[in-house]
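Take a look at the structure below.
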Amino acid sequence: LYLLPFCAENKTPFIYPSCALIYESERPFTCLKKLLEDMPKIYSMKALALRIFPVYGVGEGERGHPTAIHQWIQDMIRNQRPVIYGDGTQSRDFIYISDVVDTILDFMEEGVTGVRDIGAGNLLVFNDIIKTINEVLDTKLEPIYKPEPVGYPKRILCKNPVPTEFSIRQGVAQMIGEMVGEIRRN
């Protein structure tokens with residue numbers, strides 16, 4: 001509410017995160033995000049709302065709510081079995097943090113406005129991600145399956161993907177390298 005009029009008055013583009021969960025069922029959170037995406041129209045200004053799909057990557061340990069991938073790697077580095085909520089067949093369109101940053105910079109350079117998705121367009125099955133982590137770590141840890149929370153999405157897929165450079169294997173390897181380095185320093 002403060003930044004939109006400020007940016008409009010100063011003729012500064014407003015670039016902000018929305019959320020890929022908008023494609024899920026109507027919930028108060030998704031309704032709010034849709035309203036926020038429409039607010040720049042009030043000011044007739046240039047704005048870019050980014051519907052960012054699940055992001056994973058290095059540096060996650062520094063934020064308060066890391067992704068499942070980070071948690072699984074953390075457990076598996078400690079030789080603990082990873083916990084999956086559900087049966088592991090659910091999937092997400094995870095995108096590596098460097099690909100997200102590169103896309104945002106490209107959008108800024110090109111002067112893109114409106115609402116844009118930032119996702120890889122690849123469904124990654126949870127059980128397959130665990131398999132990849134096991135391969136990179138050279139372990140054979142089986143997941144522990146727990147009941148999934150109510151309303152837990154089965155699949156989240158970007159229908160308008162952006163170009164990416166990092167595969168899940170490359171991203172996991174980067175994260176493992178960072179996390180093992182942190183453990184050794186401590």
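Letters A, B, ... go to the chains of the structure tokens in the order shown; residues in each chain start at 1; ligands are counted from 1 in the same order.
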
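DSSP secondary structure from the backbone places Ala47, Leu48, Ala49, Leu50, Arg51, Ile52, Val55, Tyr56, Val83, Ile84, Tyr85, Ser91, Arg92, Ile95, Tyr96, Gly114, Val115, Arg116, Asp117, Ile118, Leu124, Val125, Ile144, Tyr145, Lys146, Arg155 and Ile156 of chain A of segment 21-183 of chain A in strand (DSSP E or B).
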
- Message: Using only C-alpha atoms, which protein or nucleic acid residues come within 8 Å of Asp93 of chain A? Drop anything in the same chain fewer than 2 positions from it, and give the result as a ChimeraX atom specification.
- Response: /A:53-54,91,95,119-124,155-158

- Message: For segment 10-18 of chain A, find every residue with an atom within 12 Å (counting only C-alpha atoms), except residues of its own chain fewer than 5 positions away, and show them as number ranges by chain.
- Response: A: 1-5, 23, 29-41, 43-53, 100, 104-105, 107-109, 111-118

Based on the selection just made, write C-alpha atoms of those residues as a PDB file, in the first residue's frame.
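To be explicit, this is the file written out as part-v7.pdb:
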ATOM      1  CA  LEU A   1       0.000   0.000   0.000  1.00  0.00           C
ATOM      2  CA  TYR A   2       2.954   2.331   0.565  1.00  0.00           C
ATOM      3  CA  LEU A   3       5.232   1.171  -2.255  1.00  0.00           C
ATOM      4  CA  LEU A   4       2.695   1.206  -5.090  1.00  0.00           C
ATOM      5  CA  PRO A   5       1.857   4.927  -4.832  1.00  0.00           C
ATOM      6  CA  TYR A  23      -3.262 -21.965  -9.449  1.00  0.00           C
ATOM      7  CA  PHE A  29      -4.178 -16.686   0.764  1.00  0.00           C
ATOM      8  CA  THR A  30      -4.675 -17.131  -2.985  1.00  0.00           C
ATOM      9  CA  CYS A  31      -7.510 -14.578  -3.067  1.00  0.00           C
ATOM     10  CA  LEU A  32      -5.225 -12.037  -1.388  1.00  0.00           C
ATOM     11  CA  LYS A  33      -2.413 -12.701  -3.874  1.00  0.00           C
ATOM     12  CA  LYS A  34      -4.820 -12.202  -6.807  1.00  0.00           C
ATOM     13  CA  LEU A  35      -5.954  -8.885  -5.332  1.00  0.00           C
ATOM     14  CA  LEU A  36      -2.352  -7.766  -4.933  1.00  0.00           C
ATOM     15  CA  GLU A  37      -1.663  -8.638  -8.575  1.00  0.00           C
ATOM     16  CA  ASP A  38      -4.470  -6.291  -9.647  1.00  0.00           C
ATOM     17  CA  MET A  39      -3.511  -3.351  -7.422  1.00  0.00           C
ATOM     18  CA  PRO A  40      -0.985  -1.751  -9.840  1.00  0.00           C
ATOM     19  CA  LYS A  41      -3.877  -1.203 -12.277  1.00  0.00           C
ATOM     20  CA  TYR A  43      -2.161   3.506 -10.456  1.00  0.00           C
ATOM     21  CA  SER A  44      -1.800   2.797 -14.207  1.00  0.00           C
ATOM     22  CA  MET A  45       1.813   1.930 -13.636  1.00  0.00           C
ATOM     23  CA  LYS A  46       4.414  -0.554 -14.808  1.00  0.00           C
ATOM     24  CA  ALA A  47       4.517  -3.535 -12.496  1.00  0.00           C
ATOM     25  CA  LEU A  48       5.616  -7.144 -12.612  1.00  0.00           C
ATOM     26  CA  ALA A  49       4.076  -9.797 -10.375  1.00  0.00           C
ATOM     27  CA  LEU A  50       6.108 -13.004 -10.197  1.00  0.00           C
ATOM     28  CA  ARG A  51       4.258 -16.264  -9.610  1.00  0.00           C
ATOM     29  CA  ILE A  52       7.235 -18.192  -8.325  1.00  0.00           C
ATOM     30  CA  PHE A  53       7.019 -21.977  -8.122  1.00  0.00           C
ATOM     31  CA  VAL A 100      14.918 -17.765 -10.503  1.00  0.00           C
ATOM     32  CA  ILE A 104      14.082 -11.976 -12.730  1.00  0.00           C
ATOM     33  CA  LEU A 105      17.150 -10.146 -14.046  1.00  0.00           C
ATOM     34  CA  PHE A 107      12.622  -9.767 -17.027  1.00  0.00           C
ATOM     35  CA  MET A 108      13.983  -6.494 -15.608  1.00  0.00           C
ATOM     36  CA  GLU A 109      16.381  -6.013 -18.517  1.00  0.00           C
ATOM     37  CA  GLY A 111      11.117  -4.413 -19.256  1.00  0.00           C
ATOM     38  CA  VAL A 112       8.576  -7.215 -18.832  1.00  0.00           C
ATOM     39  CA  THR A 113       5.371  -6.203 -17.042  1.00  0.00           C
ATOM     40  CA  GLY A 114       2.156  -7.929 -15.993  1.00  0.00           C
ATOM     41  CA  VAL A 115       2.022 -11.304 -14.294  1.00  0.00           C
ATOM     42  CA  ARG A 116       4.635 -13.937 -15.110  1.00  0.00           C
ATOM     43  CA  ASP A 117       5.332 -17.465 -13.950  1.00  0.00           C
ATOM     44  CA  ILE A 118       8.772 -18.551 -12.826  1.00  0.00           C
TER      45      ILE A 118
END

- Got a sec: who's within 7 Å of Gln90 of chain A, counting only C-alpha atoms, leaving out chain neighbours fewer than 4 positions off, as a list in words? Val125, Phe126, Lys154 and Arg155 of chain A

- Note on the structure: For Thr89 of chain A, the closest of A:Gly59, A:His70, A:Pro153, A:His65 counting only C-alpha atoms is A:Pro153

- Item | All helix (DSSP H, G or I) residues (DSSP, backbone) inside chain A, as a ChimeraX atom specification | /A:3-9,20-23,28-43,60-62,68-77,97-110,126-137,168-185

- Message: Please list as number ranges by chain every residue within 9 Å of segment 128-141 of chain A, counting only C-alpha atoms and excluding residues in the same chain fewer than 3 positions away.
- Response: A: 69, 72-73, 76-77, 79-82, 88-89, 124-125, 168-169, 172-173, 176
